[in-house]
file query.txt (compact mmCIF, C-alpha atoms and all ligand atoms)
# COMPACT_ATOMS: atom_id res chain seq x y z
CA GLU S 1053 0.00 0.00 0.00
CA GLU S 1054 2.89 2.37 0.82
CA THR S 1055 4.30 2.10 -2.71
CA GLY S 1056 0.88 2.96 -4.14
CA LYS S 1057 1.07 6.33 -2.45
CA SER S 1058 4.07 7.44 -4.55
CA GLY S 1059 5.71 9.16 -1.58
CA TYR S 1060 2.58 10.99 -0.42
CA GLU S 1061 1.52 10.45 3.16
CA HIS S 1062 -2.04 9.59 2.17
CA PHE S 1063 -3.88 8.43 -0.92
CA MET S 1064 -6.11 11.47 -0.56
CA LEU S 1065 -3.17 13.87 -0.95
CA LYS S 1066 -1.84 11.84 -3.87
CA GLU S 1067 -5.24 11.94 -5.54
CA ILE S 1068 -5.58 15.69 -4.96
CA HIS S 1069 -2.24 16.06 -6.75
CA GLU S 1070 -3.34 13.74 -9.55
CA GLN S 1071 -6.09 16.16 -10.56
CA PRO S 1072 -4.22 17.94 -13.37
CA ARG S 1073 -3.56 14.58 -15.03
CA ALA S 1074 -7.08 13.30 -14.38
CA LEU S 1075 -8.58 16.42 -15.93
CA ARG S 1076 -6.29 16.17 -18.94
CA GLN S 1077 -7.62 12.64 -19.48
CA CYS S 1078 -11.18 13.86 -18.99
CA LEU S 1079 -10.77 16.59 -21.61
CA ARG S 1080 -8.79 14.52 -24.12
CA GLY S 1081 -10.53 14.33 -27.48
CA ARG S 1082 -13.56 16.14 -26.13
CA VAL S 1083 -12.54 19.74 -26.75
CA ASP S 1084 -11.90 20.57 -30.37
CA GLU S 1085 -10.17 23.92 -30.22
CA LEU S 1086 -10.09 24.59 -33.94
CA GLY S 1087 -13.71 23.66 -34.52
CA GLY S 1088 -14.90 25.36 -31.32
CA ARG S 1089 -16.77 22.18 -30.48
CA ILE S 1090 -17.27 19.79 -27.59
CA GLU S 1091 -17.39 16.14 -28.62
CA PHE S 1092 -18.43 12.94 -26.88
CA GLU S 1093 -17.60 10.01 -29.10
CA GLU S 1094 -19.33 7.55 -26.76
CA LEU S 1095 -22.67 9.38 -26.86
CA SER S 1096 -25.25 9.43 -29.59
CA ARG S 1097 -26.92 12.78 -30.12
CA LEU S 1098 -29.26 13.52 -27.21
CA SER S 1099 -31.75 16.36 -27.08
CA PRO S 1100 -33.49 16.12 -23.71
CA GLU S 1101 -36.20 18.58 -22.82
CA ARG S 1102 -35.46 18.23 -19.14
CA LEU S 1103 -32.80 16.63 -16.96
CA HIS S 1104 -33.02 15.05 -13.54
CA LEU S 1105 -29.60 14.45 -12.00
CA VAL S 1106 -29.59 11.84 -9.23
CA ALA S 1107 -26.63 11.18 -6.94
CA ALA S 1108 -25.41 10.75 -3.38
CA GLY S 1109 -22.73 12.37 -1.21
CA THR S 1110 -20.02 14.22 -3.11
CA SER S 1111 -21.58 13.18 -6.40
CA TYR S 1112 -24.77 14.99 -5.36
CA HIS S 1113 -22.74 18.19 -5.05
CA ALA S 1114 -21.39 17.63 -8.56
CA ALA S 1115 -25.00 17.06 -9.69
CA LEU S 1116 -26.07 20.38 -8.15
CA TYR S 1117 -23.23 22.13 -9.95
CA GLY S 1118 -24.12 20.35 -13.21
CA ALA S 1119 -27.82 21.20 -12.91
CA SER S 1120 -26.92 24.91 -12.62
CA LEU S 1121 -24.86 24.70 -15.78
CA PHE S 1122 -27.58 22.87 -17.71
CA ARG S 1123 -30.04 25.58 -16.70
CA VAL S 1124 -27.62 28.29 -17.82
CA ALA S 1125 -27.42 26.39 -21.11
CA GLY S 1126 -31.21 26.65 -21.41
CA ILE S 1127 -32.15 23.09 -20.43
CA PRO S 1128 -34.40 22.76 -17.37
CA ALA S 1129 -32.47 20.64 -14.90
CA ASP S 1130 -32.67 19.68 -11.24
CA ALA S 1131 -30.42 17.70 -8.93
CA TYR S 1132 -31.96 15.22 -6.51
CA HIS S 1133 -30.63 13.20 -3.62
CA ALA S 1134 -30.88 9.73 -5.17
CA HIS S 1135 -32.26 8.29 -1.91
CA GLU S 1136 -35.20 10.71 -2.05
CA TYR S 1137 -35.76 10.48 -5.80
CA ALA S 1138 -36.20 6.73 -5.67
CA LEU S 1139 -39.11 7.13 -3.23
CA SER S 1140 -41.12 9.51 -5.37
CA PRO S 1141 -39.75 10.30 -8.81
CA PRO S 1142 -41.12 13.67 -9.96
CA PRO S 1143 -43.64 13.43 -12.78
CA GLY S 1144 -42.90 14.48 -16.34
CA GLU S 1145 -40.51 13.31 -19.00
CA ALA S 1146 -36.84 13.74 -18.29
CA LEU S 1147 -33.50 12.24 -19.14
CA VAL S 1148 -32.38 10.88 -15.77
CA VAL S 1149 -28.63 11.26 -15.20
CA GLY S 1150 -27.07 9.04 -12.53
CA VAL S 1151 -23.86 10.65 -11.28
CA SER S 1152 -21.69 8.18 -9.37
CA GLN S 1153 -17.96 7.70 -9.07
CA SER S 1154 -18.24 3.99 -8.34
CA GLY S 1155 -21.37 3.29 -10.35
CA GLU S 1156 -22.35 0.92 -7.52
CA THR S 1157 -24.08 3.18 -5.00
CA ALA S 1158 -27.33 1.47 -4.07
CA ASP S 1159 -29.24 4.76 -3.68
CA THR S 1160 -28.26 5.94 -7.13
CA LEU S 1161 -29.05 2.59 -8.72
CA ALA S 1162 -32.46 2.60 -7.02
CA ALA S 1163 -33.15 6.04 -8.48
CA THR S 1164 -32.15 5.17 -12.05
CA ARG S 1165 -34.06 1.88 -11.79
CA ALA S 1166 -37.18 3.71 -10.63
CA ALA S 1167 -36.77 6.12 -13.54
CA ARG S 1168 -36.36 3.30 -16.04
CA GLY S 1169 -39.36 1.56 -14.55
CA ALA S 1170 -41.37 4.71 -15.25
CA GLY S 1171 -40.16 4.71 -18.85
CA ALA S 1172 -37.44 7.37 -18.63
CA GLU S 1173 -34.23 7.33 -20.62
CA THR S 1174 -31.10 7.21 -18.45
CA LEU S 1175 -27.51 8.38 -18.69
CA ALA S 1176 -24.67 7.26 -16.41
CA VAL S 1177 -21.87 9.71 -15.58
CA THR S 1178 -19.34 7.52 -13.82
CA ASN S 1179 -15.68 6.74 -13.29
CA THR S 1180 -16.05 2.99 -13.40
CA VAL S 1181 -16.10 1.17 -16.70
CA GLY S 1182 -18.50 -1.77 -16.64
CA SER S 1183 -20.08 -0.74 -13.31
CA THR S 1184 -23.69 -1.64 -12.62
CA LEU S 1185 -24.80 1.94 -13.33
CA ALA S 1186 -22.90 1.97 -16.62
CA ARG S 1187 -24.45 -1.35 -17.64
CA GLU S 1188 -28.00 -0.49 -16.66
CA CYS S 1189 -28.29 2.99 -18.16
CA ASP S 1190 -29.18 3.62 -21.80
CA HIS S 1191 -26.17 5.91 -22.28
CA VAL S 1192 -22.86 6.20 -20.48
CA CYS S 1193 -20.22 8.85 -20.26
CA TYR S 1194 -16.98 8.33 -18.33
CA ILE S 1195 -15.21 10.93 -16.22
CA ARG S 1196 -11.83 9.19 -16.75
CA SER S 1197 -10.34 10.12 -13.36
CA GLY S 1198 -8.42 6.87 -12.84
CA PRO S 1199 -8.70 4.74 -9.67
CA GLU S 1200 -9.47 6.59 -6.43
CA ILE S 1201 -8.53 4.83 -3.19
CA GLY S 1202 -9.15 7.47 -0.51
CA VAL S 1203 -12.67 7.20 0.87
CA ALA S 1204 -13.08 10.96 0.51
CA ALA S 1205 -13.71 11.68 -3.17
CA THR S 1206 -11.40 14.33 -4.62
CA LYS S 1207 -10.22 13.89 -8.18
CA THR S 1208 -13.47 12.21 -9.13
CA PHE S 1209 -15.43 15.26 -7.99
CA ALA S 1210 -13.29 17.46 -10.24
CA GLY S 1211 -13.82 14.91 -13.02
CA GLN S 1212 -17.59 14.96 -12.51
CA GLN S 1213 -17.67 18.76 -12.50
CA THR S 1214 -15.64 18.91 -15.70
CA THR S 1215 -17.61 16.20 -17.48
CA LEU S 1216 -20.92 17.84 -16.56
CA ALA S 1217 -19.61 21.24 -17.72
CA LEU S 1218 -18.64 19.65 -21.04
CA LEU S 1219 -22.02 17.90 -21.32
CA ALA S 1220 -23.89 21.15 -20.69
CA GLU S 1221 -21.98 22.82 -23.51
CA TRP S 1222 -22.37 19.81 -25.78
CA LEU S 1223 -26.13 19.60 -25.26
CA ALA S 1224 -26.69 23.33 -25.56
CA ALA S 1225 -24.84 24.44 -28.61
CA ASP S 1226 -23.21 23.33 -31.84
CA THR S 1227 -20.29 25.60 -31.21
CA THR S 1228 -18.73 26.82 -28.00
CA ASP S 1229 -17.19 30.24 -27.62
CA ARG S 1230 -13.43 30.69 -27.52
CA GLU S 1231 -13.25 31.82 -23.91
CA THR S 1232 -15.06 28.73 -22.68
CA ILE S 1233 -12.85 26.45 -24.75
CA ALA S 1234 -9.76 28.26 -23.45
CA ALA S 1235 -10.93 28.06 -19.82
CA LEU S 1236 -11.61 24.33 -20.13
CA ARG S 1237 -8.30 23.66 -21.82
CA SER S 1238 -6.30 25.51 -19.20
CA LEU S 1239 -8.11 23.81 -16.32
CA PRO S 1240 -5.36 21.18 -15.73
CA SER S 1241 -2.59 23.81 -15.58
CA ASP S 1242 -4.75 26.11 -13.46
CA VAL S 1243 -5.32 23.27 -10.97
CA GLN S 1244 -1.56 22.70 -10.99
CA ALA S 1245 -1.05 26.38 -10.15
CA VAL S 1246 -3.40 26.03 -7.16
CA LEU S 1247 -1.49 22.95 -5.97
CA ASP S 1248 1.88 24.69 -6.37
CA ASN S 1249 0.93 27.91 -4.60
CA SER S 1250 -1.73 27.03 -2.04
CA ARG S 1251 -1.34 28.53 1.42
CA SER S 1252 -4.01 26.19 2.74
CA GLU S 1253 -1.72 24.36 5.17
CA ALA S 1254 -0.83 27.50 7.14
CA VAL S 1255 -4.43 28.72 7.00
CA ALA S 1256 -5.80 25.37 8.19
CA GLU S 1257 -3.32 25.28 11.07
CA SER S 1258 -4.32 28.74 12.24
CA TYR S 1259 -7.92 27.59 12.81
CA LEU S 1260 -7.30 24.30 14.62
CA GLY S 1261 -9.47 24.00 17.69
CA SER S 1262 -12.37 26.00 16.25
CA GLU S 1263 -15.85 25.21 17.50
CA ALA S 1264 -17.23 24.69 13.98
CA TYR S 1265 -16.51 25.65 10.39
CA PHE S 1266 -19.07 27.19 8.07
CA PHE S 1267 -18.80 27.28 4.30
CA ILE S 1268 -20.82 29.74 2.24
CA GLY S 1269 -21.26 30.50 -1.45
CA ARG S 1270 -23.88 31.46 -4.01
CA GLY S 1271 -24.58 30.19 -7.50
CA LEU S 1272 -21.83 27.82 -8.61
CA ALA S 1273 -19.97 28.52 -5.36
CA TYR S 1274 -22.86 26.98 -3.40
CA PRO S 1275 -22.26 23.31 -4.30
CA VAL S 1276 -18.55 23.94 -3.82
CA SER S 1277 -19.31 25.16 -0.29
CA LEU S 1278 -21.39 22.06 0.46
CA GLU S 1279 -18.55 19.90 -0.80
CA GLY S 1280 -15.92 21.84 1.19
CA ALA S 1281 -17.88 21.24 4.38
CA LEU S 1282 -18.53 17.57 3.60
CA LYS S 1283 -14.83 16.94 2.94
CA LEU S 1284 -13.81 18.62 6.19
CA LYS S 1285 -16.32 16.73 8.34
CA GLU S 1286 -15.58 13.37 6.68
CA ILE S 1287 -11.86 13.39 7.30
CA SER S 1288 -11.27 15.71 10.27
CA TYR S 1289 -14.40 14.86 12.34
CA GLU S 1290 -14.77 18.57 13.00
CA HIS S 1291 -18.21 20.09 12.83
CA ALA S 1292 -18.58 21.67 9.41
CA GLU S 1293 -21.65 22.85 7.52
CA GLY S 1294 -22.16 24.37 4.10
CA PHE S 1295 -24.92 26.91 3.49
CA PRO S 1296 -26.11 28.96 0.58
CA ALA S 1297 -24.72 32.40 1.49
CA GLY S 1298 -28.21 33.87 1.11
CA GLY S 1299 -29.59 31.40 3.64
CA LEU S 1300 -27.29 32.51 6.44
CA LYS S 1301 -29.63 35.11 7.86
CA HIS S 1302 -32.51 32.65 7.83
CA GLY S 1303 -31.04 30.66 10.70
CA PRO S 1304 -27.38 29.65 10.55
CA LEU S 1305 -26.23 33.16 11.51
CA ALA S 1306 -27.30 32.33 15.07
CA LEU S 1307 -24.39 29.87 15.19
CA VAL S 1308 -21.73 32.33 14.01
CA THR S 1309 -19.25 33.47 16.69
CA GLU S 1310 -15.53 34.31 17.05
CA GLN S 1311 -15.01 30.56 17.35
CA THR S 1312 -16.51 29.65 13.98
CA PRO S 1313 -14.38 30.47 10.94
CA VAL S 1314 -16.43 31.11 7.81
CA LEU S 1315 -14.96 29.94 4.52
CA ALA S 1316 -16.55 31.96 1.74
CA THR S 1317 -16.11 31.02 -1.90
CA VAL S 1318 -16.47 34.07 -4.13
CA LEU S 1319 -16.19 33.60 -7.88
CA GLY S 1320 -16.07 36.39 -10.47
CA ASP S 1321 -17.49 39.86 -9.86
CA GLY S 1322 -21.15 39.39 -10.73
CA GLU S 1323 -24.25 39.61 -8.60
CA ALA S 1324 -23.54 36.38 -6.71
CA ALA S 1325 -20.09 37.67 -5.74
CA ARG S 1326 -21.37 41.10 -4.70
CA LYS S 1327 -24.06 39.61 -2.50
CA THR S 1328 -21.65 37.15 -0.95
CA VAL S 1329 -19.37 40.05 -0.01
CA ASN S 1330 -22.32 41.48 1.93
CA ASN S 1331 -22.75 38.16 3.71
CA ILE S 1332 -19.05 38.19 4.57
CA LYS S 1333 -19.52 41.59 6.21
CA GLU S 1334 -22.45 40.18 8.21
CA VAL S 1335 -20.42 37.33 9.66
CA GLN S 1336 -17.46 39.58 10.31
CA ALA S 1337 -19.69 41.92 12.30
CA ARG S 1338 -20.37 38.89 14.56
CA GLY S 1339 -16.64 38.43 15.08
CA ALA S 1340 -16.17 35.37 12.87
CA PRO S 1341 -12.79 34.94 11.18
CA VAL S 1342 -13.21 34.86 7.40
CA VAL S 1343 -11.27 32.81 4.86
CA VAL S 1344 -12.06 33.79 1.29
CA VAL S 1345 -11.45 31.46 -1.65
CA THR S 1346 -11.45 33.71 -4.66
CA ASP S 1347 -10.06 34.68 -8.04
CA GLY S 1348 -9.62 38.22 -6.77
CA ARG S 1349 -12.12 39.79 -9.15
CA SER S 1350 -14.49 41.01 -6.44
CA GLU S 1351 -13.87 43.04 -3.30
CA ALA S 1352 -14.01 39.92 -1.15
CA ASP S 1353 -10.31 39.86 -0.23
CA ARG S 1354 -10.64 43.22 1.50
CA TYR S 1355 -12.78 41.67 4.20
CA ALA S 1356 -10.81 38.46 4.59
CA ASP S 1357 -8.55 37.39 7.42
CA HIS S 1358 -6.99 34.92 4.99
CA VAL S 1359 -7.24 34.56 1.23
CA LEU S 1360 -6.87 31.31 -0.70
CA ARG S 1361 -6.31 32.55 -4.23
CA ILE S 1362 -7.23 30.76 -7.44
CA PRO S 1363 -6.21 31.69 -10.99
CA ASP S 1364 -8.51 33.93 -12.96
CA SER S 1365 -10.89 31.75 -14.96
CA GLU S 1366 -14.50 31.47 -16.11
CA GLU S 1367 -16.92 30.97 -13.24
CA ARG S 1368 -17.65 27.32 -14.03
CA THR S 1369 -13.96 26.37 -14.15
CA ALA S 1370 -13.22 28.62 -11.18
CA ALA S 1371 -15.62 26.42 -9.21
CA VAL S 1372 -13.33 23.45 -9.89
CA LEU S 1373 -10.27 25.45 -8.80
CA ALA S 1374 -11.92 26.78 -5.62
CA ASN S 1375 -12.79 23.25 -4.62
CA VAL S 1376 -9.14 22.23 -4.82
CA GLN S 1377 -8.30 24.88 -2.21
CA LEU S 1378 -11.04 23.51 0.04
CA GLN S 1379 -9.82 19.93 -0.45
CA LEU S 1380 -6.38 21.04 0.72
CA PHE S 1381 -7.85 22.95 3.66
CA ALA S 1382 -9.74 19.81 4.76
CA TYR S 1383 -6.70 17.61 4.24
CA HIS S 1384 -4.34 19.81 6.24
CA THR S 1385 -6.83 20.21 9.09
CA ALA S 1386 -7.29 16.44 9.31
CA ALA S 1387 -3.54 15.80 8.99
CA ALA S 1388 -2.75 18.24 11.81
CA LEU S 1389 -5.29 16.41 13.97
CA GLY S 1390 -3.74 13.04 13.11
CA ARG S 1391 -6.93 11.55 11.67
CA PRO S 1392 -6.94 8.33 9.59
CA ILE S 1393 -7.54 10.36 6.43
CA ASP S 1394 -7.88 7.59 3.87
CA LYS S 1395 -10.28 5.52 5.96
CA PRO S 1396 -12.48 7.73 8.13
CA ARG S 1397 -14.48 5.94 10.81
CA ASN S 1398 -17.96 4.72 9.87
CA LEU S 1399 -17.62 5.59 6.16
CA ALA S 1400 -17.16 3.40 3.09
CA LYS S 1401 -15.88 4.24 -0.37
CA SER S 1402 -18.91 2.75 -1.99
CA VAL S 1403 -22.20 2.24 -0.15
CA THR S 1404 -23.97 -0.69 -1.71
CA VAL S 1405 -26.90 -0.87 0.69
CA GLU S 1406 -29.82 1.56 0.85
C1 LIG S 1501 -20.09 7.23 -0.16
C2 LIG S 1501 -18.68 7.81 -0.17
C3 LIG S 1501 -18.72 9.24 -0.72
C4 LIG S 1501 -19.39 9.25 -2.08
C5 LIG S 1501 -20.77 8.63 -2.05
C6 LIG S 1501 -21.34 8.42 -3.44
O1 LIG S 1501 -20.87 7.91 0.76
O2 LIG S 1501 -18.14 7.81 1.14
O3 LIG S 1501 -17.39 9.75 -0.85
O4 LIG S 1501 -19.48 10.58 -2.55
O5 LIG S 1501 -20.70 7.32 -1.45
O6 LIG S 1501 -20.51 7.55 -4.14
P1 LIG S 1501 -20.53 7.38 -5.69
O7 LIG S 1501 -19.61 6.22 -5.97
O8 LIG S 1501 -21.95 7.08 -6.08
O9 LIG S 1501 -20.06 8.65 -6.30

call {"tool": "encode", "arguments": {"input": "query.txt", "output": "structure tokens"}}
result
Amino acid sequence: EETGKSGYEHFMLKEIHEQPRALRQCLRGRVDELGGRIEFEELSRLSPERLHLVAAGTSYHAALYGASLFRVAGIPADAYHAHEYALSPPPGEALVVGVSQSGETADTLAATRAARGAGAETLAVTNTVGSTLARECDHVCYIRSGPEIGVAATKTFAGQQTTLALLAEWLAADTTDRETIAALRSLPSDVQAVLDNSRSEAVAESYLGSEAYFFIGRGLAYPVSLEGALKLKEISYEHAEGFPAGGLKHGPLALVTEQTPVLATVLGDGEAARKTVNNIKEVQARGAPVVVVTDGRSEADRYADHVLRIPDSEERTAAVLANVQLQLFAYHTAAALGRPIDKPRNLAKSVTVE
């Protein structure tokens, strides 16, 4: 097992560092720069009127991110917790997309089976060739992340985000604009830049012993915030919650104190970013330390106690980069606490019971 870690202390850290390569594999042959086109050789032409994305855990956060992008692309789309969807699939015709790293998660299989039973067409977005999900769905699209050993999903989340971003472009338009193509193509090197320059270890160490950690974001930063909190709680056993930044004042703000660092992800300089900056001011007024993960386009850094910087990119690719900073923050917190990072208590890599 030690040799498999290639000198890294944990599989999780190795897999975080494998992301540039994994994303290069994910993009290979799918982004035609000259033609300005996205291509999926394994998929026949699909033209769904509506999408239901079903998934569990980290994959559910990728599904939320994907659903936002499909909606931006003009296709009505919603993400569902697979375990809820299976109980009462919403009515209406939809292409049902099962998002699952392993392709073996019982909840996700139950959801796609329920959908098939009701006559829906299904698409698997998975890392695992020949998995049950891949075999049972009508269509399959691989994220090509390579094997992931750490229980906490890292590179496969980035692979799911990237594949779903590509799918949204592919379904929406015959041609993709140059900036989007450029942002997608530079994603692997931008992730590498985050890995090379991240100050997450020092930042994580300065907040050890906190009462709880809150993660906030809006728009595409919202699923990233949920994922940041999930990663931290899974591997560090610290209390961590992700909220939509706009939801803070509807309850969670009551929990915010000097003892609860708030990690705010702020992407771009649009409305979502401006409003999140206001939320940052609200938590700061309650004495909470603020860590901002940002590309530096908005004013967010001005109000931050610490900044985790990401390269300037389009918002959808910036959401992949921001998540890498949060992965590292979670990893370094858990490492400083001496947790068994690759095998957290009570959790399994693939949950094959409902
Ligand atoms: C388990 C794992 C999570 C994972 C989830 C869904 O809960 O511990 O890391 O996100 O299953 O797994 P899947 O293979 O369907 O993506």

call {"tool": "closest_atom_pairs", "arguments": {"input": "query.txt", "of": "chain S", "to": "ligand LIG 1501 (chain S)", "cutoff": "10 Å", "atoms": "all atoms listed in the file", "output": "tab-separated table"}}
result
residue	atom	partner	partner_atom	distance
S:Val1106	CA	S:LIG1501	O8	9.5
S:Ala1107	CA	S:LIG1501	O8	6.3
S:Ala1108	CA	S:LIG1501	C6	4.7
S:Gly1109	CA	S:LIG1501	O4	3.9
S:Thr1110	CA	S:LIG1501	O4	3.7
S:Ser1111	CA	S:LIG1501	O9	4.8
S:Tyr1112	CA	S:LIG1501	O4	7.4
S:His1113	CA	S:LIG1501	O4	8.6
S:Ala1114	CA	S:LIG1501	O9	9.4
S:Ala1134	CA	S:LIG1501	O8	9.4
S:Gly1150	CA	S:LIG1501	O8	8.5
S:Val1151	CA	S:LIG1501	O9	6.6
S:Ser1152	CA	S:LIG1501	O8	3.5
S:Gln1153	CA	S:LIG1501	O9	3.6
S:Ser1154	CA	S:LIG1501	O7	3.5
S:Gly1155	CA	S:LIG1501	O7	5.6
S:Glu1156	CA	S:LIG1501	O7	6.2
S:Thr1157	CA	S:LIG1501	O8	4.6
S:Ala1158	CA	S:LIG1501	O8	8.0
S:Asp1159	CA	S:LIG1501	O8	8.0
S:Thr1160	CA	S:LIG1501	O8	6.5
S:Leu1161	CA	S:LIG1501	O8	8.8
S:Val1177	CA	S:LIG1501	O9	9.5
S:Thr1178	CA	S:LIG1501	O9	7.6
S:Asn1179	CA	S:LIG1501	O7	8.3
S:Thr1180	CA	S:LIG1501	O7	8.8
S:Leu1185	CA	S:LIG1501	O8	9.3
S:Gly1202	CA	S:LIG1501	O3	8.6
S:Val1203	CA	S:LIG1501	O2	5.5
S:Ala1204	CA	S:LIG1501	O3	4.7
S:Ala1205	CA	S:LIG1501	O3	4.8
S:Thr1206	CA	S:LIG1501	O3	8.4
S:Thr1208	CA	S:LIG1501	O9	8.0
S:Phe1209	CA	S:LIG1501	O4	8.2
S:Gln1212	CA	S:LIG1501	O9	9.2
S:Glu1279	CA	S:LIG1501	O4	9.5
S:Leu1282	CA	S:LIG1501	O3	9.1
S:Lys1283	CA	S:LIG1501	O3	8.5
S:Glu1286	CA	S:LIG1501	O2	8.3
S:Lys1395	CA	S:LIG1501	O2	9.5
S:Pro1396	CA	S:LIG1501	O2	9.0
S:Asn1398	CA	S:LIG1501	O2	9.3
S:Leu1399	CA	S:LIG1501	O2	5.5
S:Ala1400	CA	S:LIG1501	O2	4.9
S:Lys1401	CA	S:LIG1501	O2	4.5
S:Ser1402	CA	S:LIG1501	O5	4.9
S:Val1403	CA	S:LIG1501	C1	5.4
S:Thr1404	CA	S:LIG1501	O5	8.7

call {"tool": "atom_distance", "arguments": {"input": "query.txt", "atom1": "CA of Asp1364 (chain S)", "atom2": "CA of Gly1280 (chain S)"}}
result
20.0 Å

call {"tool": "closest_residue", "arguments": {"input": "query.txt", "among": "S:Leu1223, S:Ala1281, S:Val1318, S:Ala1297", "to": "Gln1379 (chain S)", "atoms": "only C-alpha atoms"}}
result
S:Ala1281

call {"tool": "closest_residue", "arguments": {"input": "query.txt", "among": "S:Leu1300, S:Arg1187, S:Lys1207, S:Glu1406", "to": "Ala1138 (chain S)", "atoms": "all atoms listed in the file"}}
result
S:Glu1406

call {"tool": "atom_distance", "arguments": {"input": "query.txt", "atom1": "CA of Ala1340 (chain S)", "atom2": "CA of Lys1327 (chain S)"}}
result
17.8 Å

call {"tool": "closest_residue", "arguments": {"input": "query.txt", "among": "S:Val1329, S:Leu1236, S:Leu1284, S:Leu1278", "to": "Ile1090 (chain S)", "atoms": "only C-alpha atoms"}}
result
S:Leu1236

call {"tool": "closest_residue", "arguments": {"input": "query.txt", "among": "S:Leu1218, S:Ala1163, S:Leu1103, S:Ala1224", "to": "Val1124 (chain S)", "atoms": "all atoms listed in the file"}}
result
S:Ala1224

call {"tool": "closest_residue", "arguments": {"input": "query.txt", "among": "S:Pro1143, S:Pro1072, S:Gly1169, S:Gly1294", "to": "Ala1273 (chain S)", "atoms": "only C-alpha atoms"}}
result
S:Gly1294

call {"tool": "closest_residue", "arguments": {"input": "query.txt", "among": "S:Ile1332, S:Ala1306, S:Leu1175, S:Val1376", "to": "Cys1193 (chain S)", "atoms": "only C-alpha atoms"}}
result
S:Leu1175

call {"tool": "residues_around", "arguments": {"input": "query.txt", "residues": "Ser1238 (chain S)", "least_positions_apart": "3", "cutoff": "10 Å", "atoms": "all atoms listed in the file", "output": "JSON, numbers by chain"}}
result
{"S": [1072, 1075, 1076, 1232, 1233, 1234, 1235, 1241, 1242, 1243, 1244, 1365, 1369]}

call {"tool": "residues_around", "arguments": {"input": "query.txt", "residues": "Thr1228 (chain S)", "least_positions_apart": "5", "cutoff": "9 Å", "atoms": "all atoms listed in the file", "output": "PDB file with C-alpha atoms, in the coordinates of the input"}}
result
ATOM      1  CA  GLY S1087     -13.710  23.660 -34.520  1.00  0.00           C
ATOM      2  CA  GLY S1088     -14.900  25.360 -31.320  1.00  0.00           C
ATOM      3  CA  ARG S1089     -16.770  22.180 -30.480  1.00  0.00           C
ATOM      4  CA  ILE S1090     -17.270  19.790 -27.590  1.00  0.00           C
ATOM      5  CA  GLU S1221     -21.980  22.820 -23.510  1.00  0.00           C
ATOM      6  CA  TRP S1222     -22.370  19.810 -25.780  1.00  0.00           C
ATOM      7  CA  ILE S1233     -12.850  26.450 -24.750  1.00  0.00           C
TER       8      ILE S1233
END

call {"tool": "closest_atom_pairs", "arguments": {"input": "query.txt", "of": "region 1184-1290 of chain S", "to": "region 1117-1121 of chain S", "cutoff": "8 Å", "atoms": "all atoms listed in the file", "output": "tab-separated table"}}
result
residue	atom	partner	partner_atom	distance
S:Gln1213	CA	S:Gly1118	CA	6.7
S:Leu1216	CA	S:Gly1118	CA	5.3
S:Ala1217	CA	S:Gly1118	CA	6.4
S:Ala1220	CA	S:Leu1121	CA	6.1
S:Gly1271	CA	S:Ser1120	CA	7.7
S:Leu1272	CA	S:Tyr1117	CA	6.0
S:Pro1275	CA	S:Tyr1117	CA	5.9
S:Val1276	CA	S:Tyr1117	CA	7.9

call {"tool": "build_atoms", "arguments": {"input": "query.txt", "residues": "region 1229-1238 of chain S", "atoms": "N, CA and C atoms", "output": "PDB file, in the frame of the given file"}}
result
ATOM      1  N   ASP S1229     -18.022  29.060 -27.385  1.00  0.00           N
ATOM      2  CA  ASP S1229     -17.190  30.240 -27.620  1.00  0.00           C
ATOM      3  C   ASP S1229     -15.740  30.021 -27.165  1.00  0.00           C
ATOM      4  N   ARG S1230     -14.881  30.853 -27.723  1.00  0.00           N
ATOM      5  CA  ARG S1230     -13.430  30.690 -27.520  1.00  0.00           C
ATOM      6  C   ARG S1230     -13.022  30.761 -26.057  1.00  0.00           C
ATOM      7  N   GLU S1231     -13.651  31.694 -25.321  1.00  0.00           N
ATOM      8  CA  GLU S1231     -13.250  31.820 -23.910  1.00  0.00           C
ATOM      9  C   GLU S1231     -13.541  30.547 -23.119  1.00  0.00           C
ATOM     10  N   THR S1232     -14.700  29.957 -23.390  1.00  0.00           N
ATOM     11  CA  THR S1232     -15.060  28.730 -22.680  1.00  0.00           C
ATOM     12  C   THR S1232     -14.091  27.611 -23.027  1.00  0.00           C
ATOM     13  N   ILE S1233     -13.805  27.489 -24.310  1.00  0.00           N
ATOM     14  CA  ILE S1233     -12.850  26.450 -24.750  1.00  0.00           C
ATOM     15  C   ILE S1233     -11.501  26.689 -24.063  1.00  0.00           C
ATOM     16  N   ALA S1234     -11.071  27.940 -24.037  1.00  0.00           N
ATOM     17  CA  ALA S1234      -9.760  28.260 -23.450  1.00  0.00           C
ATOM     18  C   ALA S1234      -9.765  27.952 -21.949  1.00  0.00           C
ATOM     19  N   ALA S1235     -10.866  28.300 -21.263  1.00  0.00           N
ATOM     20  CA  ALA S1235     -10.930  28.060 -19.820  1.00  0.00           C
ATOM     21  C   ALA S1235     -10.893  26.561 -19.529  1.00  0.00           C
ATOM     22  N   LEU S1236     -11.605  25.778 -20.333  1.00  0.00           N
ATOM     23  CA  LEU S1236     -11.610  24.330 -20.130  1.00  0.00           C
ATOM     24  C   LEU S1236     -10.227  23.748 -20.397  1.00  0.00           C
ATOM     25  N   ARG S1237      -9.610  24.217 -21.459  1.00  0.00           N
ATOM     26  CA  ARG S1237      -8.300  23.660 -21.820  1.00  0.00           C
ATOM     27  C   ARG S1237      -7.230  24.007 -20.797  1.00  0.00           C
ATOM     28  N   SER S1238      -7.353  25.175 -20.171  1.00  0.00           N
ATOM     29  CA  SER S1238      -6.300  25.510 -19.200  1.00  0.00           C
ATOM     30  C   SER S1238      -6.625  25.022 -17.794  1.00  0.00           C
TER      31      SER S1238
END
